[in-house]
$ cat model_17.txt   # compact mmCIF, C-alpha atoms and all ligand atoms
# COMPACT_ATOMS: atom_id res chain seq x y z
CA MET A 1 59.05 74.66 -56.69
CA ASP A 2 60.09 75.71 -53.17
CA GLU A 3 58.05 77.93 -50.84
CA ARG A 4 59.79 81.16 -51.89
CA GLU A 5 59.27 80.44 -55.60
CA ILE A 6 55.62 79.58 -55.02
CA ILE A 7 55.05 82.86 -53.14
CA GLU A 8 56.85 84.93 -55.79
CA GLY A 9 54.86 83.24 -58.55
CA CYS A 10 51.54 83.79 -56.77
CA LEU A 11 52.41 87.47 -56.25
CA GLY A 12 52.99 87.67 -60.00
CA GLY A 13 49.58 86.12 -60.66
CA LYS A 14 50.94 82.90 -62.18
CA ALA A 15 48.31 80.15 -62.31
CA ALA A 16 50.98 77.43 -62.04
CA SER A 17 52.17 78.92 -58.75
CA ASN A 18 48.61 79.18 -57.42
CA ARG A 19 48.20 75.54 -58.28
CA ALA A 20 51.48 74.62 -56.57
CA MET A 21 50.36 76.54 -53.48
CA VAL A 22 47.09 74.59 -53.25
CA GLU A 23 48.75 71.26 -54.01
CA THR A 24 51.44 71.86 -51.38
CA TYR A 25 49.33 73.25 -48.54
CA GLY A 26 45.76 72.24 -49.47
CA THR A 27 45.52 69.07 -47.40
CA LEU A 28 47.04 70.87 -44.40
CA VAL A 29 44.43 73.67 -44.56
CA LEU A 30 41.61 71.19 -45.17
CA SER A 31 42.61 69.03 -42.21
CA VAL A 32 42.70 72.03 -39.85
CA ALA A 33 39.31 73.28 -41.09
CA LEU A 34 37.84 69.77 -40.82
CA ASN A 35 39.11 69.33 -37.26
CA VAL A 36 37.78 72.75 -36.20
CA ILE A 37 34.39 72.58 -37.99
CA GLY A 38 33.75 68.82 -38.07
CA ASN A 39 31.90 68.93 -41.40
CA ARG A 40 33.47 68.05 -44.76
CA GLN A 41 31.46 70.38 -47.01
CA ASP A 42 31.94 73.43 -44.79
CA ALA A 43 35.63 72.58 -44.38
CA GLU A 44 36.05 72.47 -48.17
CA ASP A 45 34.33 75.87 -48.44
CA VAL A 46 36.69 77.24 -45.78
CA CYS A 47 39.66 75.75 -47.63
CA GLN A 48 38.60 77.48 -50.86
CA GLU A 49 37.99 80.82 -49.08
CA THR A 50 41.35 80.56 -47.34
CA PHE A 51 43.31 80.15 -50.57
CA LEU A 52 41.35 82.87 -52.38
CA GLN A 53 42.15 85.22 -49.49
CA VAL A 54 45.80 84.15 -49.58
CA PHE A 55 46.00 84.89 -53.33
CA ARG A 56 44.35 88.29 -52.82
CA ARG A 57 46.40 89.35 -49.79
CA LEU A 58 49.73 87.68 -50.28
CA ASP A 59 51.37 91.11 -50.56
CA ARG A 60 50.59 91.60 -46.84
CA TYR A 61 52.51 88.49 -45.80
CA ASP A 62 55.55 89.38 -43.67
CA ARG A 63 58.48 87.30 -44.97
CA GLU A 64 60.03 87.34 -41.49
CA ARG A 65 57.23 85.12 -40.21
CA SER A 66 56.48 81.47 -40.97
CA PHE A 67 54.33 81.21 -44.10
CA LYS A 68 52.65 78.06 -42.78
CA THR A 69 51.60 79.84 -39.58
CA TRP A 70 50.30 82.85 -41.57
CA LEU A 71 48.30 80.49 -43.80
CA LEU A 72 46.89 78.57 -40.82
CA THR A 73 45.94 81.84 -39.12
CA ILE A 74 43.75 82.67 -42.13
CA ALA A 75 42.31 79.13 -42.19
CA TYR A 76 41.49 79.35 -38.47
CA ARG A 77 39.76 82.74 -38.85
CA ARG A 78 37.74 81.53 -41.86
CA SER A 79 36.75 78.43 -39.84
CA LEU A 80 35.52 80.63 -36.97
CA ASP A 81 33.58 82.75 -39.49
CA MET A 82 31.97 79.58 -40.85
CA LEU A 83 30.95 78.43 -37.36
CA ARG A 84 29.49 81.88 -36.58
CA LYS A 85 27.61 81.91 -39.89
CA LYS A 86 26.15 78.47 -39.22
CA ARG A 87 25.03 79.59 -35.75
CA ARG A 88 23.39 82.72 -37.19
CA PHE A 89 21.54 80.64 -39.81
CA ALA A 90 20.40 78.18 -37.14
CA GLU A 91 19.03 81.06 -35.01
CA PHE A 92 17.40 82.65 -38.09
CA SER A 93 15.74 79.33 -39.02
CA VAL A 94 14.35 78.89 -35.51
CA ARG A 95 13.00 82.48 -35.40
CA ALA A 96 11.41 82.19 -38.84
CA ARG A 97 9.98 78.74 -37.94
CA PHE A 98 11.00 76.99 -41.10
CA GLU A 99 13.62 74.58 -42.23
CA PRO A 100 16.18 75.54 -44.87
CA ALA A 101 15.08 74.04 -48.17
CA VAL A 102 18.33 74.74 -49.95
CA LEU A 103 21.61 75.61 -48.28
CA GLY A 104 24.84 76.18 -50.14
CA ARG A 105 25.56 74.86 -53.57
CA PRO A 106 23.94 71.65 -54.72
CA GLY A 107 26.13 68.75 -55.70
CA ASP A 108 28.86 69.26 -53.13
CA ILE A 109 27.66 66.60 -50.71
CA ASP A 110 28.44 63.04 -51.56
CA PRO A 111 26.75 60.74 -49.04
CA ALA A 112 29.06 57.94 -50.12
CA ASP A 113 32.14 60.06 -49.44
CA PRO A 114 34.44 57.85 -47.38
CA ALA A 115 36.59 60.80 -46.27
CA PRO A 116 37.29 60.57 -42.53
CA LEU A 117 35.86 62.99 -39.97
CA PRO A 118 37.30 63.94 -36.57
CA SER A 119 36.01 62.06 -33.51
CA LYS A 120 32.70 63.25 -32.07
CA LEU A 121 34.50 63.58 -28.73
CA LEU A 122 36.07 66.78 -30.06
CA GLU A 123 32.63 68.41 -30.00
CA ALA A 124 33.15 68.76 -26.23
CA LEU A 125 35.85 71.36 -26.96
CA SER A 126 35.58 75.01 -27.95
CA PRO A 127 36.85 75.94 -31.45
CA ARG A 128 40.00 77.43 -29.85
CA GLU A 129 40.68 74.26 -27.89
CA ARG A 130 40.13 72.10 -31.00
CA THR A 131 42.52 74.29 -32.99
CA ALA A 132 45.16 74.16 -30.24
CA LEU A 133 44.88 70.37 -29.99
CA CYS A 134 45.03 69.91 -33.77
CA LEU A 135 48.10 72.13 -34.23
CA TRP A 136 49.89 70.51 -31.29
CA ALA A 137 49.15 66.90 -32.27
CA ASN A 138 49.32 67.07 -36.07
CA GLU A 139 51.83 69.86 -36.67
CA GLY A 140 53.98 69.65 -33.54
CA TYR A 141 53.24 73.29 -32.69
CA THR A 142 54.32 74.73 -29.32
CA ALA A 143 52.15 77.01 -27.18
CA LYS A 144 54.03 79.96 -28.71
CA ASP A 145 53.27 78.81 -32.29
CA ILE A 146 49.63 78.14 -31.40
CA SER A 147 49.33 81.60 -29.85
CA GLU A 148 50.25 83.19 -33.21
CA VAL A 149 47.42 81.36 -34.96
CA LEU A 150 44.87 82.03 -32.22
CA ALA A 151 46.06 85.66 -31.79
CA CYS A 152 46.46 85.30 -28.02
CA SER A 153 49.33 85.05 -25.54
CA ALA A 154 51.41 81.88 -25.27
CA SER A 155 50.13 81.58 -21.71
CA THR A 156 46.50 81.53 -22.90
CA ALA A 157 47.32 79.07 -25.71
CA ARG A 158 48.94 76.73 -23.16
CA VAL A 159 45.75 76.77 -21.08
CA TYR A 160 43.56 76.04 -24.16
CA LEU A 161 45.78 73.07 -25.04
CA PHE A 162 45.89 71.79 -21.47
CA ASN A 163 42.10 71.98 -21.12
CA ALA A 164 41.62 70.20 -24.45
CA ARG A 165 43.96 67.34 -23.50
CA ARG A 166 42.41 67.00 -20.04
CA LYS A 167 38.76 67.06 -21.19
CA ILE A 168 39.23 64.49 -23.97
CA LYS A 169 41.30 62.18 -21.76
CA ALA A 170 38.54 62.28 -19.13
CA LEU A 171 35.92 61.47 -21.79
CA LEU A 172 38.02 58.58 -23.13
CA GLU A 173 38.49 57.17 -19.63
CA ASN A 174 34.80 57.54 -18.96
CA ASP A 175 33.98 55.67 -22.21
CA HIS A 176 36.50 52.99 -21.28
CA GLY A 177 34.98 52.63 -17.79
CA LEU A 178 31.47 52.37 -19.25
CA LEU A 179 32.61 49.66 -21.67
CA GLN A 180 34.22 47.71 -18.84
CA ASN A 181 31.19 48.07 -16.57
CA GLY A 182 28.76 47.30 -19.39
CA MET B 1 49.54 62.44 -4.80
CA ASP B 2 47.86 64.82 -2.35
CA PHE B 3 49.86 67.67 -3.78
CA CYS B 4 48.55 66.81 -7.28
CA LYS B 5 44.97 66.94 -5.99
CA THR B 6 45.59 70.28 -4.31
CA VAL B 7 46.98 71.69 -7.56
CA GLU B 8 43.99 70.35 -9.45
CA ARG B 9 41.56 71.91 -6.98
CA LEU B 10 43.38 75.23 -7.26
CA TYR B 11 43.21 74.95 -11.05
CA ALA B 12 39.45 74.39 -10.95
CA ALA B 13 38.79 77.01 -8.27
CA LEU B 14 40.57 79.90 -9.96
CA PRO B 15 39.71 80.10 -13.66
CA LEU B 16 42.22 82.87 -14.31
CA ARG B 17 44.36 82.05 -17.33
CA PRO B 18 47.67 83.47 -16.03
CA PHE B 19 47.22 81.58 -12.76
CA ARG B 20 46.28 78.36 -14.55
CA ASP B 21 49.25 78.77 -16.90
CA TRP B 22 51.51 79.21 -13.87
CA LEU B 23 50.17 75.98 -12.28
CA ILE B 24 50.66 74.10 -15.56
CA ARG B 25 54.24 75.33 -15.92
CA ILE B 26 55.36 74.82 -12.32
CA HIS B 27 53.72 71.45 -11.73
CA MET B 28 51.40 69.80 -14.26
CA ASP B 29 53.82 69.91 -17.19
CA ARG B 30 56.54 68.26 -15.09
CA CYS B 31 54.58 65.81 -12.94
CA PRO B 32 54.29 62.25 -14.34
CA ARG B 33 51.05 61.64 -12.43
CA CYS B 34 49.38 64.75 -13.81
CA GLN B 35 50.67 63.94 -17.31
CA GLU B 36 48.91 60.57 -17.13
CA ARG B 37 45.61 62.44 -16.92
CA LEU B 38 46.31 64.26 -20.17
CA LEU B 39 45.75 63.07 -23.73
CA SER B 40 49.01 62.09 -25.42
CA ARG B 41 49.96 63.24 -28.92
CA GLU B 42 49.34 59.74 -30.31
CA GLU B 43 45.90 59.56 -28.72
CA ALA B 44 45.05 63.02 -30.06
CA ARG B 45 46.21 62.06 -33.57
CA SER B 46 43.97 59.00 -33.53
CA LEU B 47 40.94 61.26 -32.93
CA LEU B 48 41.85 63.98 -35.41
CA VAL B 49 41.88 64.02 -39.21
CA ARG B 50 45.49 64.21 -40.42
CA PRO B 51 46.55 66.09 -43.58
CA GLY B 52 47.36 62.81 -45.36
CA GLN B 53 43.79 61.58 -44.87
CA THR B 54 41.96 64.44 -46.57
CA GLY B 55 42.63 63.44 -50.18
CA ASP B 56 45.10 65.04 -52.54
CA GLY B 57 45.86 68.68 -53.26
CA ALA B 58 45.11 68.21 -56.98
CA ALA B 59 41.43 67.56 -56.22
CA LEU B 60 41.31 70.72 -54.12
CA TRP B 61 42.92 72.70 -56.93
CA ARG B 62 40.22 71.56 -59.37
CA ARG B 63 37.65 73.04 -57.00
CA ILE B 64 39.53 76.29 -56.34
CA SER B 65 41.01 76.96 -59.80
CA GLU B 66 37.85 78.38 -61.35
CA GLU B 67 37.50 81.05 -58.64
CA ALA B 68 41.25 81.67 -58.52
CA GLY B 69 41.23 82.30 -62.29
CA ARG B 70 38.94 85.28 -61.76
CA LEU B 71 41.37 86.90 -59.34
CA VAL B 72 43.66 89.69 -60.36
CA PRO B 73 47.12 89.85 -58.78
CA ALA B 74 47.14 91.12 -55.18
CA PRO B 75 46.28 94.86 -55.16
CA LYS B 76 48.80 97.45 -54.02
CA ALA B 77 47.97 99.09 -50.70
CA LYS B 78 47.82 102.65 -52.08
CA GLY B 79 44.53 103.65 -53.63
CA SER B 80 42.73 100.69 -52.07
CA GLY B 81 40.55 103.09 -50.04
CA GLY B 82 39.08 104.59 -53.20
CA ARG B 83 38.51 101.16 -54.71
CA LEU B 84 36.81 100.00 -51.53
CA ALA B 85 34.54 103.04 -51.57
CA TRP B 86 33.52 102.23 -55.17
CA GLN B 87 32.87 98.61 -54.21
CA TRP B 88 30.65 99.62 -51.34
CA ALA B 89 28.85 102.15 -53.52
CA ALA B 90 28.20 99.40 -56.10
CA ALA B 91 27.02 97.02 -53.35
CA SER B 92 24.68 99.67 -51.92
CA ALA B 93 23.27 100.40 -55.38
CA MET B 94 22.71 96.68 -55.99
CA ALA B 95 20.98 96.31 -52.61
CA ALA B 96 18.77 99.34 -53.38
CA VAL B 97 17.74 97.87 -56.76
CA ILE B 98 16.86 94.54 -55.15
CA ALA B 99 14.92 96.24 -52.33
CA LEU B 100 12.98 98.47 -54.77
CA THR B 101 12.17 95.53 -57.04
CA GLY B 102 10.98 93.54 -54.05
CA PHE B 103 8.87 96.46 -52.81
CA TRP B 104 7.33 96.91 -56.27
CA LEU B 105 6.53 93.20 -56.48
CA LEU B 106 4.96 93.19 -53.01
CA ARG B 107 2.73 96.10 -54.05
CA GLN B 108 1.80 94.38 -57.29
CA THR B 109 1.02 91.02 -55.70
CA GLY B 110 -0.78 92.57 -52.70
CA GLY B 111 -2.99 94.88 -54.74
CA PRO B 112 -6.74 94.29 -55.34
CA GLY B 113 -7.69 92.07 -58.24
CA PHE B 114 -4.23 90.59 -58.62
CA ASP B 115 -4.24 87.13 -60.12
CA ALA B 116 -1.01 85.22 -59.56
CA ARG B 117 -1.90 82.84 -62.39
CA ALA B 118 -1.79 85.74 -64.82
CA ILE B 119 1.95 86.24 -64.34
CA THR B 120 3.95 85.30 -67.36
CA PRO B 121 7.42 83.87 -66.85
CA ALA B 122 8.96 87.17 -67.92
CA ASP B 123 7.24 88.97 -64.99
CA ARG B 124 8.64 86.64 -62.37
CA PHE B 125 11.26 87.97 -59.99
CA GLU B 126 14.48 86.03 -60.27
CA ILE B 127 17.94 86.55 -58.81
CA ALA B 128 20.45 84.61 -60.82
CA TYR B 129 23.57 86.33 -59.59
CA VAL B 130 24.31 88.64 -56.66
CA LYS B 131 27.47 90.71 -56.35
CA VAL B 132 28.51 92.46 -53.14
CA GLY B 133 31.63 94.61 -52.94
CA GLY B 134 32.36 93.96 -56.61
CA ALA B 135 32.65 90.20 -56.08
CA PRO B 136 30.19 87.31 -56.30
CA ALA B 137 28.38 87.10 -52.97
CA GLN B 138 27.66 83.99 -50.97
CA THR B 139 23.98 83.33 -51.51
CA PHE B 140 21.68 81.10 -49.52
CA VAL B 141 18.12 80.36 -50.56
CA TYR B 142 15.44 79.32 -48.09
CA GLN B 143 11.96 78.15 -48.92
CA PRO B 144 9.51 77.57 -46.06
CA GLN B 145 7.91 74.18 -46.39
CA GLY B 146 4.47 74.21 -47.99
CA THR B 147 4.66 77.81 -49.25
CA ASP B 148 5.80 79.60 -52.38
CA THR B 149 7.77 82.19 -50.38
CA VAL B 150 11.49 82.27 -51.01
CA PHE B 151 14.04 84.07 -48.85
CA VAL B 152 17.40 84.98 -50.32
CA TRP B 153 20.27 85.71 -47.94
CA ALA B 154 23.31 87.24 -49.61
CA GLN B 155 26.48 88.30 -47.89
CA LYS B 156 29.88 89.54 -48.89
CA THR B 157 32.35 86.73 -49.60
CA PRO B 158 35.09 87.06 -46.96
ZN ZN A 201 50.93 66.14 -10.26
$ encode --input "model_17.txt" --output "structure tokens"
Amino acid sequence: MDEREIIEGCLGGKAASNRAMVETYGTLVLSVALNVIGNRQDAEDVCQETFLQVFRRLDRYDRERSFKTWLLTIAYRRSLDMLRKKRRFAEFSVRARFEPAVLGRPGDIDPADPAPLPSKLLEALSPRERTALCLWANEGYTAKDISEVLACSASTARVYLFNARRKIKALLENDHGLLQNG
Amino acid sequence: MDFCKTVERLYAALPLRPFRDWLIRIHMDRCPRCQERLLSREEARSLLVRPGQTGDGAALWRRISEEAGRLVPAPKAKGSGGRLAWQWAAASAMAAVIALTGFWLLRQTGGPGFDARAITPADRFEIAYVKVGGAPAQTFVYQPQGTDTVFVWAQKTP
């Protein structure tokens, strides 16, 4: 099934097309969410929300634009929502002076899950910088492509990407220097 | 080399995005020395999770299929305003019922002579399922340590 057939099928509510959509683009969406959020369970939630939104709103997709970029725009926005939600819960927990006893659905976390996580160094970047770096390195996106996902100008996207590359390089060199001196 | 340092100082001194973009385009993107101070694509890939490392799409489909099965085909744009209004009305009604039930329970449990041990299971307040905007809401349950108090946070699924 090619991209056009998958989209047509999903618009017609065909389960087989929905499945093909997830099987074709699922790992892409999950990798972006994982690189932006840094947490497997939240990234899987974002992945699910992204596809449910895509199935609901596919009629709004403009066929003149890249489907992949439209899909990644939704994944990026859902990832930002997840980060905001986590920050709100953290603030709420501090104000209420208690620890969350139950958060999310039980059974989703597998402590033995060997799935890889992005480097902790990426925590030094803002979510926009992480997204720009991920799209540039993994998907070969240009500043113009990245700007469509981040909903900003190409000029701004170029600065996000530049800052991300510069900050992480400096951290890597610092680590390297520490190892050599140690 | 001195020119590179001057550009870098200018970049740090003026955090204006159009100006920074201009410096990147006219010098940093073209200068081999400045490029050496930037992470390469290969280095970035080694720090990021790549699509091929996240498992297979079939496993993701198993997780998503149940929710996707409840979806109806994408709604047409016309008439969506009316549907949205009904969804919000339903959500408001649901919130009002929950608030009133909570208020009633607080009055009952706070009143004189109330004995918590006398509650039968049927009298207990339980939320098994919360819908907001006509769709299952995301629900988070908190229980402060060492108390019987339970907080339920429900919000519309995006
Ligand atoms: Zn230079």
$ closest_residue --input "model_17.txt" --among "B:Ile26, B:Ile64, B:Val49, B:Ala12" --to "ligand ZN 201 (chain A)" --atoms "only C-alpha atoms and all ligand atoms"
B:Ile26
$ residues_near_ligand --input "model_17.txt" --ligand "ligand ZN 201 (chain A)" --cutoff "6 Å" --atoms "all atoms listed in the file" --output "VMD selection string"
chain B and resid 4 28 31 33 to 34
$ closest_residue --input "model_17.txt" --among "A:Asn163, A:Ser79, A:Ser17, A:Thr27" --to "chain B" --atoms "all atoms listed in the file"
A:Thr27
$ residues_near_point --input "model_17.txt" --point "(38.6, 72.1, -30.5)" --cutoff "12 Å" --atoms "all atoms listed in the file" --output "ChimeraX atom specification"
/A:32-38,76,79-80,118-137,150,160-165,167-168 /B:44,47-48
$ residues_near_point --input "model_17.txt" --point "(51.1, 74.6, -55.2)" --cutoff "8 Å" --atoms "all atoms listed in the file" --output "list in words"
Ile6, Ala16, Ser17, Asn18, Arg19, Ala20, Met21, Val22, Glu23, Thr24 and Tyr25 of chain A
$ atom_distance --input "model_17.txt" --atom1 "CA of Ser40 (chain B)" --atom2 "CA of Trp22 (chain B)"
20.8 Å
$ atom_distance --input "model_17.txt" --atom1 "CA of Lys85 (chain A)" --atom2 "CA of Gln48 (chain A)"
16.1 Å
$ atom_distance --input "model_17.txt" --atom1 "CA of Thr54 (chain B)" --atom2 "CA of Ala75 (chain A)"
15.3 Å
$ closest_residue --input "model_17.txt" --among "A:Leu52, A:Ala43, A:Leu72, A:Cys152" --to "chain B" --atoms "all atoms listed in the file"
A:Leu52
$ axis_aligned_box --input "model_17.txt" --around "region 55-71 of chain B" --padding-each-side "8 Å" --output "AutoDock Vina command-line options"
--center_x 41.7 --center_y 75.2 --center_z -56.2 --size_x 24.4 --size_y 39.5 --size_z 28.1
$ closest_residue --input "model_17.txt" --among "A:Arg88, A:Arg57, A:Arg65, A:Arg4" --to "chain B" --atoms "only C-alpha atoms"
A:Arg57
$ residues_around --input "model_17.txt" --residues "Thr139 (chain B)" --least-positions-apart "5" --cutoff "7 Å" --atoms "only C-alpha atoms" --output "ChimeraX atom specification"
/B:152-155
$ residues_around --input "model_17.txt" --residues "Arg63 (chain B)" --least-positions-apart "3" --cutoff "10 Å" --atoms "only C-alpha atoms" --output "JSON list (two decimals) with C-alpha atoms, keeping the file's coordinate frame"
[["chain", "number", "residue", "atom", "x", "y", "z"],
["A", 44, "GLU", "CA", 36.05, 72.47, -48.17],
["A", 45, "ASP", "CA", 34.33, 75.87, -48.44],
["A", 47, "CYS", "CA", 39.66, 75.75, -47.63],
["A", 48, "GLN", "CA", 38.60, 77.48, -50.86],
["B", 58, "ALA", "CA", 45.11, 68.21, -56.98],
["B", 59, "ALA", "CA", 41.43, 67.56, -56.22],
["B", 60, "LEU", "CA", 41.31, 70.72, -54.12],
["B", 66, "GLU", "CA", 37.85, 78.38, -61.35],
["B", 67, "GLU", "CA", 37.50, 81.05, -58.64],
["B", 68, "ALA", "CA", 41.25, 81.67, -58.52]]
$ closest_residue --input "model_17.txt" --among "B:Leu23, B:Ala90, B:Pro18, B:Ala13" --to "chain A" --atoms "all atoms listed in the file"
B:Pro18
$ closest_residue --input "model_17.txt" --among "A:Val159, A:Leu117, A:Val29, A:Leu171" --to "Ser147 (chain A)" --atoms "all atoms listed in the file"
A:Val159
